[in-house]
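Novice: So here's run.txt, just compact mmCIF, C-alpha atoms and all ligand atoms:
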```txt
# COMPACT_ATOMS: atom_id res chain seq x y z
CA MET A 25 -5.03 -13.42 -17.60
CA TYR A 26 -3.30 -15.25 -20.49
CA ILE A 27 -3.73 -12.21 -22.70
CA VAL A 28 -2.18 -9.86 -20.10
CA CYS A 29 0.79 -12.22 -19.68
CA ILE A 30 1.29 -12.48 -23.45
CA VAL A 31 1.19 -8.68 -23.75
CA ASP A 32 3.77 -8.47 -20.94
CA LEU A 33 5.98 -11.00 -22.72
CA CYS A 34 5.78 -8.97 -25.96
CA ASN A 35 6.63 -5.81 -24.03
CA SER A 36 9.68 -7.42 -22.42
CA PHE A 37 10.99 -8.59 -25.83
CA THR A 38 10.27 -5.34 -27.67
CA VAL A 39 9.98 -1.84 -26.19
CA SER A 40 10.65 -2.92 -22.55
CA SER A 41 8.60 -0.04 -21.23
CA SER A 42 8.98 -0.01 -17.45
CA ARG A 43 5.78 2.04 -17.00
CA PHE A 44 3.84 -0.47 -19.04
CA SER A 45 5.29 -3.45 -17.17
CA GLN A 46 4.46 -1.70 -13.87
CA TRP A 47 0.88 -1.28 -15.07
CA ILE A 48 0.71 -4.96 -16.05
CA PHE A 49 2.08 -5.97 -12.64
CA ARG A 50 -0.74 -4.07 -10.93
CA GLU A 51 -3.37 -5.58 -13.23
CA VAL A 52 -2.04 -9.08 -12.60
CA LYS A 53 -2.11 -8.60 -8.81
CA TRP A 54 -5.89 -8.07 -8.95
CA ILE A 55 -6.29 -11.35 -10.81
CA LEU A 56 -3.92 -13.53 -8.79
CA PHE A 57 -4.71 -12.45 -5.24
CA VAL A 58 -7.51 -11.67 -2.85
CA ILE A 59 -7.30 -10.22 0.64
CA ASP A 60 -8.92 -12.12 3.45
CA GLY A 61 -9.04 -11.79 7.22
CA ALA A 62 -10.21 -9.05 9.54
CA CYS A 63 -8.79 -6.21 11.56
CA LYS A 64 -7.50 -7.40 14.93
CA HIS A 65 -6.73 -3.87 16.12
CA SER A 66 -2.97 -4.04 16.33
CA GLY A 67 -2.93 -0.33 15.49
CA ASN A 68 0.10 -0.88 13.27
CA CYS A 69 -1.41 0.89 10.28
CA CYS A 70 -1.93 4.04 12.38
CA LYS A 71 1.31 4.27 14.39
CA SER A 72 4.76 5.26 13.13
CA ILE A 73 3.52 5.35 9.55
CA GLN A 74 4.83 6.88 6.33
CA ILE A 75 2.25 8.95 4.47
CA SER A 76 2.13 9.68 0.75
CA TYR A 77 -0.03 12.49 -0.59
CA ASP A 78 -0.64 13.02 -4.30
CA PHE A 79 1.59 10.00 -4.91
CA PHE A 80 4.66 11.43 -3.11
CA PRO A 81 5.80 10.70 0.46
CA ILE A 82 5.50 13.66 2.85
CA LYS A 83 9.03 14.28 4.06
CA THR A 84 9.19 17.95 5.03
CA ILE A 85 7.29 20.04 7.56
CA ASN A 86 6.76 22.76 4.94
CA ARG A 87 5.00 20.38 2.61
CA PHE A 88 3.01 18.85 5.45
CA ASN A 89 1.84 22.33 6.59
CA ALA A 90 0.89 23.25 3.03
CA ILE A 91 -1.15 20.03 2.73
CA CYS A 92 -2.88 20.68 6.08
CA ASN A 93 -3.77 24.22 4.94
CA HIS A 94 -5.91 22.93 2.12
CA ASP A 95 -6.92 19.57 3.61
CA SER A 96 -7.87 19.91 7.26
CA ASN A 97 -8.45 16.15 7.46
CA MET A 98 -4.67 15.74 7.51
CA THR A 99 -4.18 17.78 10.68
CA ARG A 100 -4.92 14.63 12.70
CA PHE A 101 -1.43 13.38 11.90
CA ILE A 102 1.54 14.21 14.14
CA PRO A 103 4.86 14.40 12.32
CA ASN A 104 7.96 13.03 14.06
CA VAL A 105 11.04 14.81 12.80
CA LYS A 106 14.56 13.42 12.64
CA ASN A 107 17.51 15.30 11.08
CA ASP A 108 15.21 17.99 9.64
CA ALA A 109 13.05 15.46 7.80
CA ILE A 110 9.81 13.77 8.76
CA ASP A 111 10.66 10.27 9.92
CA PHE A 112 7.13 9.01 10.54
CA PHE A 113 3.63 10.09 11.59
CA ASP A 114 1.36 9.13 14.44
CA CYS A 115 -2.38 9.75 14.44
CA ARG A 116 -4.38 11.63 17.06
CA CYS A 117 -7.46 9.57 16.23
CA LEU A 118 -6.06 6.24 17.40
CA THR A 119 -7.60 5.29 20.74
CA SER A 120 -5.68 3.50 23.49
CA ASP A 121 -7.35 0.22 22.48
CA ASN A 122 -6.37 0.75 18.83
CA TYR A 123 -9.70 1.82 17.39
CA CYS A 124 -10.20 4.78 15.06
CA SER A 125 -12.11 7.54 16.82
CA SER A 126 -12.84 9.17 13.47
CA TYR A 127 -13.76 6.13 11.44
CA GLN A 128 -16.45 7.75 9.26
CA SER A 129 -14.25 10.66 8.24
CA ARG A 130 -10.87 8.95 8.06
CA PRO A 131 -8.69 9.87 5.06
CA LYS A 132 -8.99 7.99 1.80
CA PHE A 133 -5.74 6.08 2.25
CA CYS A 134 -7.01 4.74 5.60
CA VAL A 135 -10.23 3.61 3.90
CA GLN A 136 -8.26 1.91 1.13
CA TYR A 137 -6.03 -0.17 3.41
CA PRO A 138 -5.49 -3.15 2.97
CA ARG A 139 -6.97 -3.26 -0.58
CA ASN A 140 -4.40 -0.66 -1.64
CA ILE A 141 -1.64 -3.27 -1.62
CA LEU A 142 -3.20 -4.58 -4.86
CA PHE A 143 -3.08 -1.26 -6.71
CA SER A 144 -0.10 0.59 -5.23
CA ASP A 145 3.30 -0.09 -3.71
CA ALA A 146 1.81 -0.34 -0.20
CA GLN A 147 2.40 -3.48 1.86
CA LEU A 148 0.56 -5.24 4.64
CA TYR A 149 1.68 -4.05 8.06
CA GLU A 150 3.44 -6.46 10.38
CA GLY A 151 0.92 -8.27 12.58
CA CYS A 152 -2.06 -7.23 10.45
CA GLY A 153 -5.18 -9.39 10.75
CA TYR A 154 -5.65 -9.22 6.98
CA TYR A 155 -3.66 -11.55 4.78
CA LEU A 156 -2.97 -12.18 1.15
CA LYS A 157 -4.36 -15.30 -0.54
CA GLN A 158 -3.33 -16.49 -3.98
CA VAL A 159 -6.27 -17.77 -6.02
CA ILE A 160 -4.67 -18.12 -9.47
CA TYR A 161 -1.08 -18.79 -10.57
CA LEU A 162 0.90 -17.18 -13.37
CA PRO A 163 1.03 -19.24 -16.56
CA PHE A 164 4.40 -20.98 -17.10
CA PHE A 165 5.29 -18.80 -20.11
CA SER A 166 5.09 -15.50 -18.17
CA SER A 167 8.12 -13.23 -18.38
CA SER A 168 10.83 -13.79 -15.80
CA SER A 169 10.55 -10.17 -14.64
CA LEU A 170 6.83 -10.56 -13.94
CA LYS A 171 7.49 -13.82 -12.08
CA LYS A 172 10.17 -12.07 -10.01
CA LYS A 173 7.86 -9.13 -9.17
CA ILE A 174 5.11 -11.48 -8.04
CA MET A 175 7.58 -13.44 -5.91
CA CYS A 176 8.78 -10.22 -4.19
CA PHE A 177 5.20 -9.05 -3.72
CA LYS A 178 4.34 -12.34 -1.97
CA PHE A 179 7.47 -12.20 0.16
CA ASN A 180 6.83 -8.56 1.20
CA ASN A 181 3.30 -9.46 2.18
CA HIS A 182 4.21 -12.54 4.18
CA LEU A 183 2.96 -15.11 1.67
CA SER A 184 5.63 -17.67 0.89
S1 LIG B 1 -7.60 8.23 10.86
FE1 LIG B 1 -8.15 6.35 11.93
S2 LIG B 1 -7.63 4.72 10.50
FE2 LIG B 1 -6.53 6.56 9.82
S3 LIG B 1 -4.52 6.47 10.80
FE3 LIG B 1 -5.86 7.63 12.15
S4 LIG B 1 -6.68 6.14 13.60
FE4 LIG B 1 -5.86 5.01 11.86
S1 LIG B 2 -2.58 -3.25 10.78
FE1 LIG B 2 -4.32 -4.54 10.21
S2 LIG B 2 -4.98 -5.50 12.13
FE2 LIG B 2 -3.70 -3.75 12.68
S3 LIG B 2 -5.16 -2.07 12.97
FE3 LIG B 2 -4.45 -1.97 10.83
S4 LIG B 2 -6.01 -3.16 9.66
FE4 LIG B 2 -6.23 -3.68 11.84
```
Rewrite the structure from the file as structure tokens, please.

Specialist:
Amino acid sequence: MYIVCIVDLCNSFTVSSSRFSQWIFREVKWILFVIDGACKHSGNCCKSIQISYDFFPIKTINRFNAICNHDSNMTRFIPNVKNDAIDFFDCRCLTSDNYCSSYQSRPKFCVQYPRNILFSDAQLYEGCGYYLKQVIYLPFFSSSSLKKKIMCFKFNNHLS
């Protein structure tokens, strides 16, 4: 932990590589936080959602169709279009009591939620039964940009 923070400090005073500081931020999240709780079946991670595929959000019907052509697992999603762009997706597999009817074969990003908030830009959904817990704190000498990123991350995931 101390070593990662020292490396980050050196980076911020020398090359200031944003890719490197982004990588450090993700590494630090794994050390500082754990995810606790359990699913309470709000269904919020399956309704009106944004979907990224190969690291980019799916915004057009053409791209969505192309993805579905080579990955039939994605055909479960229903795009909702607004002003010629995909606004959000719903999922055919969500039951009326907010269970997944295709749990064993759900897509990778469904499997990864909520752990993915620690290694991507994803956030906990409103009303989610899982929550973020801080187990370690940043050392006092950490860079101000790292401190700011951690503060925003906590705020965005309802941990004040
Ligand atoms: S596949 Fe299951 S877990 Fe994934 S969005 Fe649909 S209902 Fe939710
Ligand atoms: S948002 Fe959280 S509580 Fe709601 S269905 Fe998804 S995992 Fe469960």

Novice: Write out as JSON, numbers by chain the residues lying within 7 Å of segment 154-158 of chain A, counting only C-alpha atoms and excluding same-chain residues fewer than 6 positions away.

Specialist: {"A": [56, 57, 58, 59, 60, 61, 62, 63, 181, 183]}

Novice: Only C-alpha atoms, please: the residues just picked out, written as an mmCIF file, in the frame of the given file.

Specialist:
```cif
data_model
loop_
_atom_site.group_PDB
_atom_site.id
_atom_site.type_symbol
_atom_site.label_atom_id
_atom_site.label_comp_id
_atom_site.auth_asym_id
_atom_site.auth_seq_id
_atom_site.Cartn_x
_atom_site.Cartn_y
_atom_site.Cartn_z
ATOM 1 C CA LEU A 56 -3.920 -13.530 -8.790
ATOM 2 C CA PHE A 57 -4.710 -12.450 -5.240
ATOM 3 C CA VAL A 58 -7.510 -11.670 -2.850
ATOM 4 C CA ILE A 59 -7.300 -10.220 0.640
ATOM 5 C CA ASP A 60 -8.920 -12.120 3.450
ATOM 6 C CA GLY A 61 -9.040 -11.790 7.220
ATOM 7 C CA ALA A 62 -10.210 -9.050 9.540
ATOM 8 C CA CYS A 63 -8.790 -6.210 11.560
ATOM 9 C CA ASN A 181 3.300 -9.460 2.180
ATOM 10 C CA LEU A 183 2.960 -15.110 1.670
#
```

Novice: Any idea what's packed within 9 Å of Gln74 of chain A, counting only C-alpha atoms, ignoring anything in its chain fewer than 4 positions away? Could you give it as a PDB file with C-alpha atoms, keeping the file's coordinate frame?

Specialist:
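around.pdb was written with the following content:
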```
ATOM      1  CA  PRO A  81       5.800  10.700   0.460  1.00  0.00           C
ATOM      2  CA  ILE A  82       5.500  13.660   2.850  1.00  0.00           C
ATOM      3  CA  LYS A  83       9.030  14.280   4.060  1.00  0.00           C
ATOM      4  CA  ILE A 110       9.810  13.770   8.760  1.00  0.00           C
ATOM      5  CA  ASP A 111      10.660  10.270   9.920  1.00  0.00           C
ATOM      6  CA  PHE A 112       7.130   9.010  10.540  1.00  0.00           C
ATOM      7  CA  PHE A 113       3.630  10.090  11.590  1.00  0.00           C
TER       8      PHE A 113
END
```

Novice: Under the rule that only C-alpha atoms and all ligand atoms are counted, which of A:Lys106, A:Arg87, A:Lys71, A:His94 is the nearest residue to ligand LIG 1 (chain B)?

Specialist: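 Closest to ligand LIG 1 (chain B), using only C-alpha atoms and all ligand atoms: A:Lys71.
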
Novice: Contacts of Asn68 of chain A at 8 Å or less, counting only C-alpha atoms, minus same-chain residues fewer than 4 places along, as a list in words?

Specialist: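 Contacts, with the query itself left out: Ser72, Tyr149, Glu150, Gly151 and Cys152 of chain A.
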
Novice: Counting all atoms listed in the file, what residues are within 12 Å of ligand LIG 1 (chain B), given as JSON, numbers by chain?

Specialist: {"A": [63, 65, 66, 67, 68, 69, 70, 71, 72, 73, 74, 75, 97, 98, 99, 100, 101, 102, 112, 113, 114, 115, 116, 117, 118, 119, 120, 121, 122, 123, 124, 125, 126, 127, 128, 129, 130, 131, 132, 133, 134, 135, 136, 137, 138]}

Novice: What does the distance between atom CA of Leu142 of chain A and atom CA of Ile174 of chain A come to in Å, to one decimal place?

Specialist: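 Spanning atom CA of Leu142 of chain A to atom CA of Ile174 of chain A is a straight-line distance of 11.3 Å.
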
Novice: If I take atom CA of Cys176 of chain A and atom CA of Glu51 of chain A, how far is one from the other in Å, to one decimal?

Specialist: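 For atom CA of Cys176 of chain A relative to atom CA of Glu51 of chain A, the distance reads 15.8 Å.
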
Novice: Just checking: using all atoms listed in the file, which residue out of A:Gln147, A:Ser41, A:Ser184, A:Ser168 ends up closest to ligand LIG 2 (chain B)?

Specialist: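 Ranking A:Gln147, A:Ser41, A:Ser184, A:Ser168 by distance to ligand LIG 2 (chain B), first place goes to A:Gln147.
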
Novice: Could you tell me how far atom CA of Gly153 of chain A lies from atom CA of Asn140 of chain A, in Å and to one decimal?

Specialist: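 Interatomic distance here is 15.2 Å.
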
Novice: Using the atoms already present, construct N, CA and C atoms for segment 133-168 of chain A and hand them back as a PDB file, in the frame of the given file.

Specialist:
```pdb
ATOM      1  N   PHE A 133      -6.717   7.172   2.216  1.00  0.00           N
ATOM      2  CA  PHE A 133      -5.740   6.080   2.250  1.00  0.00           C
ATOM      3  C   PHE A 133      -5.978   5.139   3.425  1.00  0.00           C
ATOM      4  N   CYS A 134      -6.637   5.639   4.492  1.00  0.00           N
ATOM      5  CA  CYS A 134      -7.010   4.740   5.600  1.00  0.00           C
ATOM      6  C   CYS A 134      -8.141   3.817   5.145  1.00  0.00           C
ATOM      7  N   VAL A 135      -9.104   4.405   4.386  1.00  0.00           N
ATOM      8  CA  VAL A 135     -10.230   3.610   3.900  1.00  0.00           C
ATOM      9  C   VAL A 135      -9.724   2.514   2.963  1.00  0.00           C
ATOM     10  N   GLN A 136      -8.705   2.850   2.176  1.00  0.00           N
ATOM     11  CA  GLN A 136      -8.260   1.910   1.130  1.00  0.00           C
ATOM     12  C   GLN A 136      -7.413   0.757   1.670  1.00  0.00           C
ATOM     13  N   TYR A 137      -6.833   0.922   2.861  1.00  0.00           N
ATOM     14  CA  TYR A 137      -6.030  -0.170   3.410  1.00  0.00           C
ATOM     15  C   TYR A 137      -6.957  -1.299   3.876  1.00  0.00           C
ATOM     16  N   PRO A 138      -6.686  -2.574   3.599  1.00  0.00           N
ATOM     17  CA  PRO A 138      -5.490  -3.150   2.970  1.00  0.00           C
ATOM     18  C   PRO A 138      -5.627  -3.389   1.464  1.00  0.00           C
ATOM     19  N   ARG A 139      -6.797  -3.005   0.856  1.00  0.00           N
ATOM     20  CA  ARG A 139      -6.970  -3.260  -0.580  1.00  0.00           C
ATOM     21  C   ARG A 139      -5.905  -2.556  -1.402  1.00  0.00           C
ATOM     22  N   ASN A 140      -5.363  -1.441  -0.850  1.00  0.00           N
ATOM     23  CA  ASN A 140      -4.400  -0.660  -1.640  1.00  0.00           C
ATOM     24  C   ASN A 140      -3.124  -1.426  -1.968  1.00  0.00           C
ATOM     25  N   ILE A 141      -2.863  -2.534  -1.280  1.00  0.00           N
ATOM     26  CA  ILE A 141      -1.640  -3.270  -1.620  1.00  0.00           C
ATOM     27  C   ILE A 141      -1.767  -3.887  -3.018  1.00  0.00           C
ATOM     28  N   LEU A 142      -3.016  -4.002  -3.525  1.00  0.00           N
ATOM     29  CA  LEU A 142      -3.200  -4.580  -4.860  1.00  0.00           C
ATOM     30  C   LEU A 142      -3.104  -3.541  -5.971  1.00  0.00           C
ATOM     31  N   PHE A 143      -3.156  -2.253  -5.632  1.00  0.00           N
ATOM     32  CA  PHE A 143      -3.080  -1.260  -6.710  1.00  0.00           C
ATOM     33  C   PHE A 143      -2.022  -0.177  -6.462  1.00  0.00           C
ATOM     34  N   SER A 144      -1.163  -0.384  -5.461  1.00  0.00           N
ATOM     35  CA  SER A 144      -0.100   0.590  -5.230  1.00  0.00           C
ATOM     36  C   SER A 144       1.124  -0.161  -4.714  1.00  0.00           C
ATOM     37  N   ASP A 145       2.104   0.581  -4.236  1.00  0.00           N
ATOM     38  CA  ASP A 145       3.300  -0.090  -3.710  1.00  0.00           C
ATOM     39  C   ASP A 145       3.180  -0.358  -2.206  1.00  0.00           C
ATOM     40  N   ALA A 146       2.008  -0.115  -1.636  1.00  0.00           N
ATOM     41  CA  ALA A 146       1.810  -0.340  -0.200  1.00  0.00           C
ATOM     42  C   ALA A 146       1.945  -1.828   0.135  1.00  0.00           C
ATOM     43  N   GLN A 147       2.260  -2.093   1.400  1.00  0.00           N
ATOM     44  CA  GLN A 147       2.400  -3.480   1.860  1.00  0.00           C
ATOM     45  C   GLN A 147       1.558  -3.683   3.114  1.00  0.00           C
ATOM     46  N   LEU A 148       1.272  -4.943   3.397  1.00  0.00           N
ATOM     47  CA  LEU A 148       0.560  -5.240   4.640  1.00  0.00           C
ATOM     48  C   LEU A 148       1.462  -4.920   5.824  1.00  0.00           C
ATOM     49  N   TYR A 149       0.899  -4.341   6.854  1.00  0.00           N
ATOM     50  CA  TYR A 149       1.680  -4.050   8.060  1.00  0.00           C
ATOM     51  C   TYR A 149       1.935  -5.333   8.838  1.00  0.00           C
ATOM     52  N   GLU A 150       3.071  -5.338   9.525  1.00  0.00           N
ATOM     53  CA  GLU A 150       3.440  -6.460  10.380  1.00  0.00           C
ATOM     54  C   GLU A 150       2.293  -6.712  11.379  1.00  0.00           C
ATOM     55  N   GLY A 151       1.930  -7.936  11.568  1.00  0.00           N
ATOM     56  CA  GLY A 151       0.920  -8.270  12.580  1.00  0.00           C
ATOM     57  C   GLY A 151      -0.498  -7.914  12.172  1.00  0.00           C
ATOM     58  N   CYS A 152      -0.712  -7.593  10.893  1.00  0.00           N
ATOM     59  CA  CYS A 152      -2.060  -7.230  10.450  1.00  0.00           C
ATOM     60  C   CYS A 152      -2.956  -8.469  10.417  1.00  0.00           C
ATOM     61  N   GLY A 153      -4.220  -8.281  10.765  1.00  0.00           N
ATOM     62  CA  GLY A 153      -5.180  -9.390  10.750  1.00  0.00           C
ATOM     63  C   GLY A 153      -5.628  -9.753   9.345  1.00  0.00           C
ATOM     64  N   TYR A 154      -5.344  -8.890   8.376  1.00  0.00           N
ATOM     65  CA  TYR A 154      -5.650  -9.220   6.980  1.00  0.00           C
ATOM     66  C   TYR A 154      -4.473  -9.965   6.380  1.00  0.00           C
ATOM     67  N   TYR A 155      -4.749 -10.816   5.436  1.00  0.00           N
ATOM     68  CA  TYR A 155      -3.660 -11.550   4.780  1.00  0.00           C
ATOM     69  C   TYR A 155      -3.981 -11.754   3.303  1.00  0.00           C
ATOM     70  N   LEU A 156      -2.891 -12.008   2.588  1.00  0.00           N
ATOM     71  CA  LEU A 156      -2.970 -12.180   1.150  1.00  0.00           C
ATOM     72  C   LEU A 156      -3.213 -13.654   0.833  1.00  0.00           C
ATOM     73  N   LYS A 157      -4.099 -13.918  -0.142  1.00  0.00           N
ATOM     74  CA  LYS A 157      -4.360 -15.300  -0.540  1.00  0.00           C
ATOM     75  C   LYS A 157      -4.223 -15.386  -2.057  1.00  0.00           C
ATOM     76  N   GLN A 158      -3.481 -16.361  -2.524  1.00  0.00           N
ATOM     77  CA  GLN A 158      -3.330 -16.490  -3.980  1.00  0.00           C
ATOM     78  C   GLN A 158      -4.420 -17.420  -4.508  1.00  0.00           C
ATOM     79  N   VAL A 159      -5.175 -16.951  -5.507  1.00  0.00           N
ATOM     80  CA  VAL A 159      -6.270 -17.770  -6.020  1.00  0.00           C
ATOM     81  C   VAL A 159      -5.981 -18.317  -7.419  1.00  0.00           C
ATOM     82  N   ILE A 160      -5.059 -17.673  -8.125  1.00  0.00           N
ATOM     83  CA  ILE A 160      -4.670 -18.120  -9.470  1.00  0.00           C
ATOM     84  C   ILE A 160      -3.155 -18.010  -9.568  1.00  0.00           C
ATOM     85  N   TYR A 161      -2.540 -18.847 -10.401  1.00  0.00           N
ATOM     86  CA  TYR A 161      -1.080 -18.790 -10.570  1.00  0.00           C
ATOM     87  C   TYR A 161      -0.726 -18.288 -11.971  1.00  0.00           C
ATOM     88  N   LEU A 162       0.447 -17.688 -12.069  1.00  0.00           N
ATOM     89  CA  LEU A 162       0.900 -17.180 -13.370  1.00  0.00           C
ATOM     90  C   LEU A 162       1.088 -18.341 -14.325  1.00  0.00           C
ATOM     91  N   PRO A 163       0.751 -18.163 -15.603  1.00  0.00           N
ATOM     92  CA  PRO A 163       1.030 -19.240 -16.560  1.00  0.00           C
ATOM     93  C   PRO A 163       2.547 -19.434 -16.719  1.00  0.00           C
ATOM     94  N   PHE A 164       2.961 -20.644 -17.075  1.00  0.00           N
ATOM     95  CA  PHE A 164       4.400 -20.980 -17.100  1.00  0.00           C
ATOM     96  C   PHE A 164       5.207 -20.084 -18.042  1.00  0.00           C
ATOM     97  N   PHE A 165       4.537 -19.566 -19.105  1.00  0.00           N
ATOM     98  CA  PHE A 165       5.290 -18.800 -20.110  1.00  0.00           C
ATOM     99  C   PHE A 165       5.459 -17.319 -19.728  1.00  0.00           C
ATOM    100  N   SER A 166       4.991 -16.917 -18.552  1.00  0.00           N
ATOM    101  CA  SER A 166       5.090 -15.500 -18.170  1.00  0.00           C
ATOM    102  C   SER A 166       6.543 -15.042 -18.157  1.00  0.00           C
ATOM    103  N   SER A 167       6.739 -13.756 -18.337  1.00  0.00           N
ATOM    104  CA  SER A 167       8.120 -13.230 -18.380  1.00  0.00           C
ATOM    105  C   SER A 167       8.797 -13.422 -17.030  1.00  0.00           C
ATOM    106  N   SER A 168      10.119 -13.564 -17.061  1.00  0.00           N
ATOM    107  CA  SER A 168      10.830 -13.790 -15.800  1.00  0.00           C
ATOM    108  C   SER A 168      10.722 -12.555 -14.898  1.00  0.00           C
TER     109      SER A 168
END
```
